[in-house]
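Enquirer: Just so it is clear, I am handing over my_file-v3.txt, which has compact mmCIF, C-alpha atoms.
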# COMPACT_ATOMS: atom_id res chain seq x y z
CA MET A 29 -18.92 3.57 -14.30
CA PRO A 30 -18.25 1.66 -11.06
CA ASP A 31 -18.50 3.63 -7.83
CA LYS A 32 -15.18 4.92 -6.47
CA VAL A 33 -14.06 3.72 -3.03
CA LEU A 34 -10.96 4.87 -1.19
CA VAL A 35 -8.90 2.12 0.46
CA PHE A 36 -7.41 3.87 3.48
CA SER A 37 -5.43 1.17 5.35
CA ARG A 38 -2.73 -0.98 3.85
CA PHE A 39 -4.18 -4.33 2.79
CA PRO A 40 -2.64 -7.25 0.92
CA LYS A 41 -3.79 -6.99 -2.68
CA ALA A 42 -5.38 -10.45 -2.51
CA GLN A 43 -7.91 -9.20 0.07
CA MET A 44 -9.15 -6.48 -2.28
CA VAL A 45 -9.51 -8.54 -5.49
CA ARG A 46 -13.22 -9.40 -5.05
CA ILE A 47 -14.09 -5.90 -3.90
CA GLY A 48 -12.14 -4.40 -6.82
CA GLN A 49 -14.24 -6.39 -9.27
CA ARG A 50 -17.32 -4.46 -8.15
CA PHE A 51 -15.91 -1.02 -7.22
CA GLU A 52 -13.19 1.26 -8.52
CA LEU A 53 -10.63 1.26 -5.73
CA MET A 54 -8.34 4.20 -4.96
CA ASP A 55 -5.57 2.66 -2.89
CA ALA A 56 -3.86 5.00 -0.41
CA ALA A 57 -1.77 2.01 0.78
CA GLY A 58 -1.83 3.14 4.40
CA LYS A 59 -0.66 6.68 3.64
CA ARG A 60 -2.50 9.91 4.27
CA PRO A 61 -4.90 10.12 1.29
CA SER A 62 -3.82 13.70 0.48
CA ASP A 63 -0.25 12.43 0.08
CA VAL A 64 -1.35 10.06 -2.66
CA PHE A 65 -4.28 11.81 -4.33
CA SER A 66 -5.04 15.41 -5.21
CA ALA A 67 -7.88 17.35 -3.62
CA ASP A 68 -9.79 17.09 -6.91
CA GLU A 69 -9.43 13.29 -6.86
CA LEU A 70 -10.61 13.07 -3.25
CA ALA A 71 -13.49 15.51 -3.61
CA PRO A 72 -16.00 13.05 -5.15
CA VAL A 73 -15.15 10.11 -2.86
CA ARG A 74 -18.27 8.97 -0.99
CA ALA A 75 -17.07 5.76 0.67
CA MET A 76 -13.90 4.30 2.09
CA ILE A 77 -12.59 0.97 3.38
CA THR A 78 -10.35 0.84 6.44
CA ALA A 79 -8.98 -1.65 8.94
CA GLY A 80 -10.80 -1.35 12.24
CA GLY A 81 -7.71 -0.61 14.28
CA THR A 82 -6.26 2.05 11.96
CA PRO A 83 -6.67 5.53 13.48
CA LEU A 84 -9.22 7.44 11.42
CA ARG A 85 -9.89 10.90 12.83
CA ALA A 86 -11.86 13.96 11.81
CA ASP A 87 -9.02 15.51 9.80
CA MET A 88 -8.91 12.45 7.53
CA MET A 89 -12.68 12.53 7.04
CA ASP A 90 -12.53 16.19 6.10
CA LEU A 91 -10.24 15.40 3.18
CA MET A 92 -13.32 13.91 1.49
CA PRO A 93 -16.20 16.40 1.76
CA LYS A 94 -18.72 14.01 0.22
CA LEU A 95 -17.74 11.05 2.40
CA GLY A 96 -20.83 9.25 3.64
CA ALA A 97 -19.68 5.75 4.56
CA ILE A 98 -16.68 4.29 6.40
CA VAL A 99 -16.59 0.52 6.03
CA CYS A 100 -14.28 -1.42 8.33
CA TYR A 101 -12.81 -4.65 7.01
CA GLY A 102 -13.29 -6.88 10.06
CA THR A 103 -15.32 -6.81 13.22
CA GLY A 104 -13.32 -4.06 14.94
CA TYR A 105 -13.95 -0.35 14.50
CA ASP A 106 -11.99 1.11 17.42
CA GLY A 107 -9.76 3.19 15.16
CA ALA A 108 -12.67 5.17 13.72
CA ASP A 109 -13.75 8.33 15.55
CA LEU A 110 -17.45 7.52 15.81
CA GLU A 111 -18.33 10.91 17.26
CA ALA A 112 -16.62 12.74 14.41
CA ALA A 113 -18.36 10.47 11.88
CA ALA A 114 -21.77 11.07 13.46
CA LYS A 115 -21.26 14.86 13.37
CA ARG A 116 -20.58 14.58 9.64
CA ASN A 117 -23.49 12.19 8.99
CA ILE A 118 -21.08 9.46 7.99
CA ALA A 119 -22.30 5.89 8.50
CA VAL A 120 -19.77 3.40 9.89
CA GLY A 121 -20.03 -0.27 8.99
CA HIS A 122 -18.10 -3.38 9.93
CA SER A 123 -18.16 -7.19 9.59
CA PRO A 124 -19.67 -8.50 12.83
CA GLY A 125 -19.06 -12.17 13.48
CA ALA A 126 -17.45 -12.84 10.10
CA ASN A 127 -14.21 -14.01 11.69
CA ALA A 128 -15.55 -15.11 15.08
CA SER A 129 -14.88 -18.83 14.64
CA SER A 130 -11.33 -18.30 13.41
CA VAL A 131 -10.50 -15.87 16.22
CA ALA A 132 -11.95 -18.26 18.80
CA ASP A 133 -9.80 -21.04 17.33
CA ILE A 134 -6.59 -19.04 17.70
CA ALA A 135 -7.57 -18.09 21.26
CA VAL A 136 -7.87 -21.73 22.24
CA THR A 137 -4.68 -22.58 20.37
CA LEU A 138 -2.75 -19.92 22.29
CA MET A 139 -4.31 -21.09 25.56
CA LEU A 140 -3.29 -24.71 25.06
CA ALA A 141 0.16 -23.78 23.77
CA ALA A 142 0.79 -21.58 26.80
CA VAL A 143 -0.61 -23.93 29.43
CA ARG A 144 1.11 -27.01 27.98
CA ARG A 145 4.27 -25.01 27.14
CA LEU A 146 4.41 -26.18 23.54
CA HIS A 147 6.94 -23.50 22.62
CA VAL A 148 9.33 -24.88 25.23
CA ALA A 149 8.57 -28.48 24.29
CA ASP A 150 9.12 -27.79 20.59
CA ASP A 151 12.52 -26.24 21.32
CA TYR A 152 13.39 -29.14 23.66
CA VAL A 153 13.01 -31.55 20.76
CA ARG A 154 14.66 -29.35 18.12
CA ASN A 155 17.78 -28.50 20.11
CA GLY A 156 18.51 -32.14 20.95
CA SER A 157 17.79 -31.90 24.69
CA TRP A 158 15.18 -34.66 24.55
CA ALA A 159 17.47 -37.04 22.62
CA GLY A 160 20.29 -36.20 25.01
CA ALA A 161 18.11 -36.76 28.07
CA ARG A 162 19.10 -33.32 29.34
CA PRO A 163 16.98 -32.18 32.28
CA SER A 164 14.97 -28.96 31.95
CA PRO A 165 13.03 -27.20 34.71
CA MET A 166 10.67 -25.89 32.04
CA MET A 167 9.72 -29.46 31.18
CA ARG A 168 8.47 -30.35 34.64
CA PRO A 169 4.79 -31.38 34.83
CA GLN A 170 2.36 -28.45 34.92
CA ASN A 171 -1.31 -28.23 35.78
CA GLY A 172 -3.32 -29.18 32.71
CA MET A 173 -6.78 -28.09 31.60
CA ARG A 174 -9.11 -30.48 33.39
CA GLY A 175 -10.81 -28.77 36.28
CA ARG A 176 -9.43 -25.33 35.46
CA LYS A 177 -11.60 -22.24 35.80
CA VAL A 178 -11.55 -20.19 32.62
CA GLY A 179 -12.79 -16.60 32.63
CA VAL A 180 -13.95 -14.94 29.42
CA TYR A 181 -13.80 -11.15 29.43
CA GLY A 182 -16.36 -10.09 26.84
CA ILE A 183 -19.11 -12.49 25.79
CA GLY A 184 -20.00 -11.26 22.31
CA GLU A 185 -19.90 -13.55 19.29
CA ILE A 186 -16.20 -14.30 19.68
CA GLY A 187 -16.39 -14.65 23.46
CA GLN A 188 -19.28 -17.11 23.22
CA LYS A 189 -17.41 -19.25 20.72
CA ILE A 190 -14.34 -19.23 22.96
CA ALA A 191 -16.45 -20.26 25.94
CA ALA A 192 -18.03 -23.15 24.03
CA ARG A 193 -14.64 -24.38 22.91
CA VAL A 194 -12.90 -24.22 26.29
CA ALA A 195 -15.84 -25.92 28.00
CA ALA A 196 -15.00 -29.01 25.95
CA PHE A 197 -11.71 -29.30 27.85
CA GLU A 198 -13.49 -30.26 31.08
CA THR A 199 -13.20 -26.76 32.49
CA GLU A 200 -15.53 -24.47 34.39
CA VAL A 201 -16.35 -21.32 32.44
CA GLY A 202 -17.30 -17.91 33.77
CA TYR A 203 -17.57 -14.51 32.15
CA PHE A 204 -17.80 -10.79 32.71
CA SER A 205 -19.32 -8.30 30.26
CA ARG A 206 -21.17 -5.01 30.43
CA SER A 207 -24.47 -6.89 30.56
CA ARG A 208 -25.55 -10.36 31.59
CA ARG A 209 -26.24 -12.69 28.67
CA ASP A 210 -28.41 -15.75 28.24
CA VAL A 211 -25.52 -18.22 28.16
CA PRO A 212 -24.87 -21.36 30.22
CA TYR A 213 -21.83 -19.95 32.02
CA ARG A 214 -21.34 -18.37 35.41
CA TYR A 215 -21.71 -14.60 35.42
CA PHE A 216 -19.47 -12.24 37.40
CA ASP A 217 -20.37 -8.60 37.88
CA SER A 218 -16.82 -7.26 37.64
CA LEU A 219 -13.51 -8.12 36.03
CA GLU A 220 -11.94 -8.22 39.48
CA ARG A 221 -14.33 -10.92 40.70
CA LEU A 222 -13.84 -12.91 37.51
CA THR A 223 -10.06 -12.91 37.84
CA ASP A 224 -10.23 -13.72 41.54
CA TRP A 225 -12.12 -16.87 40.50
CA CYS A 226 -10.32 -18.03 37.33
CA SER A 227 -6.79 -19.17 36.50
CA ILE A 228 -7.04 -18.50 32.75
CA LEU A 229 -8.31 -15.14 31.51
CA MET A 230 -9.41 -15.00 27.88
CA ILE A 231 -9.72 -11.42 26.62
CA ALA A 232 -12.42 -11.06 23.97
CA VAL A 233 -13.82 -7.63 24.85
CA ARG A 234 -14.29 -4.88 22.29
CA ALA A 235 -11.56 -2.26 22.43
CA GLY A 236 -12.35 1.31 23.43
CA GLU A 237 -11.49 3.95 25.97
CA ASP A 238 -13.59 2.13 28.58
CA THR A 239 -11.49 -1.03 28.21
CA ARG A 240 -8.07 0.57 27.72
CA HIS A 241 -5.60 -1.10 30.14
CA ALA A 242 -8.51 -2.82 31.87
CA VAL A 243 -6.15 -5.75 32.44
CA ASN A 244 -3.63 -3.99 34.64
CA ALA A 245 -1.18 -4.93 37.38
CA ASP A 246 -3.97 -5.50 39.89
CA ILE A 247 -5.90 -7.82 37.58
CA LEU A 248 -2.77 -9.82 36.79
CA LYS A 249 -1.98 -10.16 40.49
CA ARG A 250 -5.50 -11.45 41.10
CA LEU A 251 -4.98 -14.03 38.34
CA GLY A 252 -2.17 -15.55 40.38
CA GLU A 253 1.04 -17.50 39.93
CA ASP A 254 -0.73 -20.41 38.22
CA GLY A 255 -2.65 -18.01 35.98
CA TYR A 256 -2.48 -17.34 32.25
CA VAL A 257 -3.81 -14.48 30.17
CA VAL A 258 -4.75 -14.86 26.50
CA ASN A 259 -5.49 -11.80 24.38
CA ILE A 260 -7.08 -11.93 20.93
CA ALA A 261 -8.99 -8.62 21.23
CA ARG A 262 -6.76 -5.55 20.98
CA GLY A 263 -3.39 -4.84 22.55
CA SER A 264 -4.79 -1.74 24.24
CA VAL A 265 -6.85 -3.86 26.65
CA ILE A 266 -3.69 -5.04 28.47
CA ASP A 267 -1.27 -2.70 30.18
CA GLN A 268 1.73 -4.20 28.38
CA PRO A 269 4.44 -2.91 30.79
CA ALA A 270 2.40 -4.36 33.66
CA LEU A 271 2.22 -7.68 31.82
CA ILE A 272 5.99 -7.71 31.30
CA ALA A 273 6.49 -6.96 35.01
CA ALA A 274 4.07 -9.74 36.00
CA LEU A 275 5.93 -12.24 33.83
CA THR A 276 9.31 -11.08 35.11
CA ASP A 277 8.23 -11.37 38.75
CA LYS A 278 6.40 -14.67 38.10
CA THR A 279 3.18 -13.06 39.29
CA ILE A 280 1.49 -15.11 36.55
CA ALA A 281 2.53 -18.36 34.88
CA GLY A 282 2.40 -17.28 31.24
CA ALA A 283 0.53 -15.67 28.38
CA GLY A 284 -0.72 -16.19 24.84
CA LEU A 285 -0.91 -13.08 22.66
CA ASP A 286 -2.15 -12.39 19.15
CA VAL A 287 -2.37 -8.61 19.60
CA TYR A 288 -0.02 -5.99 21.02
CA ALA A 289 0.23 -2.39 22.16
CA ARG A 290 2.07 -1.59 18.92
CA GLU A 291 1.80 -3.55 15.70
CA PRO A 292 3.73 -4.94 13.90
CA HIS A 293 5.30 -6.17 17.12
CA ALA A 294 9.10 -5.90 17.08
CA PRO A 295 11.24 -8.13 19.31
CA ASP A 296 11.26 -6.79 22.86
CA GLU A 297 10.97 -8.04 26.45
CA LEU A 298 7.88 -10.10 25.64
CA THR A 299 9.68 -12.15 23.01
CA ALA A 300 12.32 -13.23 25.53
CA PHE A 301 9.91 -15.13 27.79
CA PRO A 302 9.78 -18.89 27.04
CA ASN A 303 6.37 -19.10 28.76
CA VAL A 304 4.77 -16.60 26.37
CA VAL A 305 3.29 -17.77 23.05
CA LEU A 306 3.11 -15.11 20.35
CA SER A 307 1.33 -14.91 17.00
CA PRO A 308 1.26 -11.95 14.56
CA HIS A 309 -2.40 -10.85 14.80
CA ILE A 310 -3.63 -13.77 12.71
CA GLY A 311 -6.82 -14.56 14.64
CA GLY A 312 -9.13 -13.81 11.71
CA HIS A 313 -6.60 -14.66 9.02
CA THR A 314 -8.24 -17.69 7.44
CA LEU A 315 -9.68 -18.06 3.96
CA GLU A 316 -13.25 -18.45 5.17
CA SER A 317 -12.95 -15.44 7.45
CA HIS A 318 -11.72 -13.22 4.64
CA VAL A 319 -14.59 -14.32 2.41
CA GLY A 320 -17.03 -13.49 5.20
CA MET A 321 -15.47 -10.08 5.85
CA GLN A 322 -15.43 -9.28 2.13
CA ASP A 323 -19.10 -10.25 1.91
CA CYS A 324 -19.91 -7.76 4.68
CA VAL A 325 -17.78 -5.00 3.14
CA MET A 326 -19.46 -5.42 -0.24
CA ALA A 327 -22.95 -5.59 1.27
CA ASN A 328 -22.31 -2.37 3.20
CA LEU A 329 -20.94 -0.57 0.14
CA GLU A 330 -23.69 -1.77 -2.20
CA ALA A 331 -26.38 -0.69 0.27
CA TYR A 332 -24.80 2.73 0.71
CA PHE A 333 -24.50 3.45 -3.00
CA ALA A 334 -28.10 2.28 -3.44
CA GLY A 335 -29.24 4.81 -0.86
CA LYS A 336 -30.10 2.18 1.74
CA PRO A 337 -28.99 1.81 5.40
CA LEU A 338 -25.83 -0.22 5.93
CA PRO A 339 -26.82 -3.81 6.82
CA TYR A 340 -23.86 -4.06 9.21
CA GLU A 341 -23.81 -0.55 10.63
CA VAL A 342 -22.01 0.09 13.91
CA LYS A 343 -24.60 0.87 16.55
CA GLY A 344 -24.12 4.29 18.03
CA ALA A 345 -22.08 5.56 15.11
Could you take the file, read its structure, and then write that structure out as C-alpha cells?
Expert:
Amino acid sequence: MPDKVLVFSRFPKAQMVRIGQRFELMDAAGKRPSDVFSADELAPVRAMITAGGTPLRADMMDLMPKLGAIVCYGTGYDGADLEAAAKRNIAVGHSPGANASSVADIAVTLMLAAVRRLHVADDYVRNGSWAGARPSPMMRPQNGMRGRKVGVYGIGEIGQKIAARVAAFETEVGYFSRSRRDVPYRYFDSLERLTDWCSILMIAVRAGEDTRHAVNADILKRLGEDGYVVNIARGSVIDQPALIAALTDKTIAGAGLDVYAREPHAPDELTAFPNVVLSPHIGGHTLESHVGMQDCVMANLEAYFAGKPLPYEVKGA
C-alpha cells in the first residue's frame, strides 16, 4: 500500500501527477482538511504537501495527530508556522534552489520591461499610435540600463542569479542581506544605504515577519524619481499602499511585480499605472522548475517515510 499524503493547498492536477504515482494523495483542494475528510480519515496521515505561502497554523496541524512532515512545494515556507511545527516534532521541508533560475529570469524580464516601458510601447503599436505618428509623452527616451546601479535585497540562490544576470547589462551591482556573502558585488550594511545608492531595487529576500513591509515609503523615497522596484519574493515585503502612493506621486519611476499583498491579484490601483509591469506569480512556473520542485518534494517524502532526516529540511524548523 502506498503511503498516504495530504495535499493541503490547491494545486493544478498536472503538478501532482508524478507525486501521485508514488504516494496515495488525499486532495483537500485548498479547503480546510476537516471539511473534506473525516477525523478517521485524517487520523493516520503522517505527511502533507503545501504551497509555501499558504497559511498553515497549529490548528491545521492538530487535525492530523500523527503528522510528522510538512513538505512545501517550492522554495518558500513562510506560510508554515515553524514554531508550532517544532513544538509538535514536525519536520518542515522545501525545495531550495529548484526554481532559482526561472525566478531570476522573470525578475530580469520585469526589470527590462519596466525600465524600457515595453507595456507602453506594445500598446503604442497595437492601438495604431505608431502608424499614425501620434506623439506620446510615455514614449520619450528614458535612461537605459548601461551604467545603472542595481541593488539586490537578499543574496540567496535567487538573489545571486539575479545579480549575475543584471551584471551582464553593463550595470554596477550591490546587495544587502543579513550577512555578508562571498560574491563579487558591493556590500551594503542596511537596506537604506543600498537604496540610497541604487536606482533599481530587486527584491529577492525571504519573506517573514522581519521583512514584512521592509520596502516602505521611506525606502521608496530613497530610491528616487528615476528608480524602479522589482519584486519576485513575496508581496508582504512591500508596503503596497506605500507603493501605490509612490507611483501616484511620481516618487519612483515604475515597478515590476510578480507577487502581491493578496493573491490572486484583482484589478486595483496598481493595474491602472502604465509604468507598472505585472505578472501573475509565474516566477517559478516553468517546466524545468516544476520537475526540480517535484524531485525535492518526493525526496523529502521518501526520506521521511523511510525514517530518515529530510534532505531539504528547513533550518530552524
Enquirer: Near range 140-149 of chain A, counting all atoms listed in the file, which residues have an atom at most 8 Å away, once you skip same-chain residues fewer than 5 positions from it, shown as a PyMOL selection string?
Expert: chain A and resi 166-167+170-173+256+282-284+302-305
Enquirer: Measuring between all atoms listed in the file, which one of A:Val73, A:Val120, A:Leu306, A:Val45 shows the shortest distance to Gly107 in chain A?
Expert: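 Going through A:Val73, A:Val120, A:Leu306, A:Val45 one by one, the smallest distance to Gly107 in chain A is for A:Val120.
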Enquirer: Would you work out the distance separating CA of Ala119 in chain A from CA of Pro337 in chain A, expressed in Å to one decimal?
Expert: 8.4 Å
Enquirer: Which residue out of A:Ile260, A:Arg214, A:Met321, A:Leu138 has the minimum interatomic distance to Ala79 in chain A when all atoms listed in the file are used?
Expert: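 With all atoms listed in the file as the atom set, the closest residue is A:Met321.
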Enquirer: Just how far from CA of Gly121 in chain A is CA of Ile98 in chain A, in Å to one decimal?
Expert: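 Here the two named atoms are 6.2 Å from each other.
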Enquirer: Here's a test: counting only C-alpha atoms, identify every protein, DNA and RNA residue with an atom at most 12 Å from (1.2, -3.3, 11.9) in the file's coordinate frame, and state them as an MDAnalysis selection string.
Expert: chainID A and resid 37:39 58 79 81:83 263 287:294 308:310
Enquirer: Please determine the residues with any atom at most 12 Å from (-14.9, 9.6, 17.7) (coordinates as given in the file, with only C-alpha atoms counting) and report them as a list of chain:residue names.
Expert: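 In the file's frame, the residues around the point are A:Pro83, A:Leu84, A:Arg85, A:Ala86, A:Asp87, A:Met89, A:Tyr105, A:Asp106, A:Gly107, A:Ala108, A:Asp109, A:Leu110, A:Glu111, A:Ala112, A:Ala113, A:Ala114, A:Lys115, A:Arg116, A:Ile118, A:Val120, A:Gly236, A:Glu237, A:Gly344, A:Ala345.
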Enquirer: List the spatial neighbours of Leu34 in chain A as an MDAnalysis selection string - criterion: any atom at most 6 Å away, only C-alpha atoms, same-chain residues fewer than 3 positions off excluded.
Expert: chainID A and resid 53:54 76
Enquirer: So which residues touch Gln268 in chain A within 10 Å, counting only C-alpha atoms, skipping near sequence neighbours fewer than 2 positions away, as a PyMOL selection string?
Expert: chain A and resi 241+243-245+263-266+270-274+288-290+298
Enquirer: Skip Leu70 in chain A itself and residues of its chain fewer than 6 positions away, then list as a CSV table (one decimal) with C-alpha atoms, in the coordinates of the input all residues within 9 Å of it, counting all atoms listed in the file.
Expert:
chain,number,residue,atom,x,y,z
A,34,LEU,CA,-11.0,4.9,-1.2
A,61,PRO,CA,-4.9,10.1,1.3
A,62,SER,CA,-3.8,13.7,0.5
A,91,LEU,CA,-10.2,15.4,3.2
A,92,MET,CA,-13.3,13.9,1.5
A,93,PRO,CA,-16.2,16.4,1.8
A,94,LYS,CA,-18.7,14.0,0.2
Enquirer: Which residue out of A:Arg168, A:Arg74, A:Lys41, A:Arg50 has the minimum interatomic distance to Gly335 in chain A when all atoms listed in the file are used?
Expert: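 Closest to Gly335 in chain A, using all atoms listed in the file: A:Arg74.
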Enquirer: Of the residues A:Val233, A:Met44, A:Leu248, A:Cys100, which is the one nearest to Glu185 in chain A, using only C-alpha atoms?
Expert: A:Val233
Enquirer: What does the distance between CA of Lys336 in chain A and CA of Pro72 in chain A come to in Å, to one decimal place?
Expert: 19.1 Å
Enquirer: Using only C-alpha atoms, pick whichever of A:Val201, A:Leu315, A:Val35, A:Leu222 has the shortest atom-to-atom distance to Ser129 in chain A.
Expert: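 Closest to Ser129 in chain A of all the choices is A:Leu315.
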Enquirer: Identify, on the basis of all atoms listed in the file, every residue whose closest approach to Ile183 in chain A does not exceed 12 Å; exclude the query and any residue fewer than 4 positions from it along the same chain; express the result as a ChimeraX atom specification.
Expert: /A:128,132,179,187-192,201-216,230-234,261
Enquirer: Ranking A:Ser164, A:Asn328, A:Asn155, A:Thr78 by minimum distance to Tyr101 in chain A and counting only C-alpha atoms, which one comes first?
Expert: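 Between A:Ser164, A:Asn328, A:Asn155, A:Thr78, the residue approaching Tyr101 in chain A most closely is A:Thr78.
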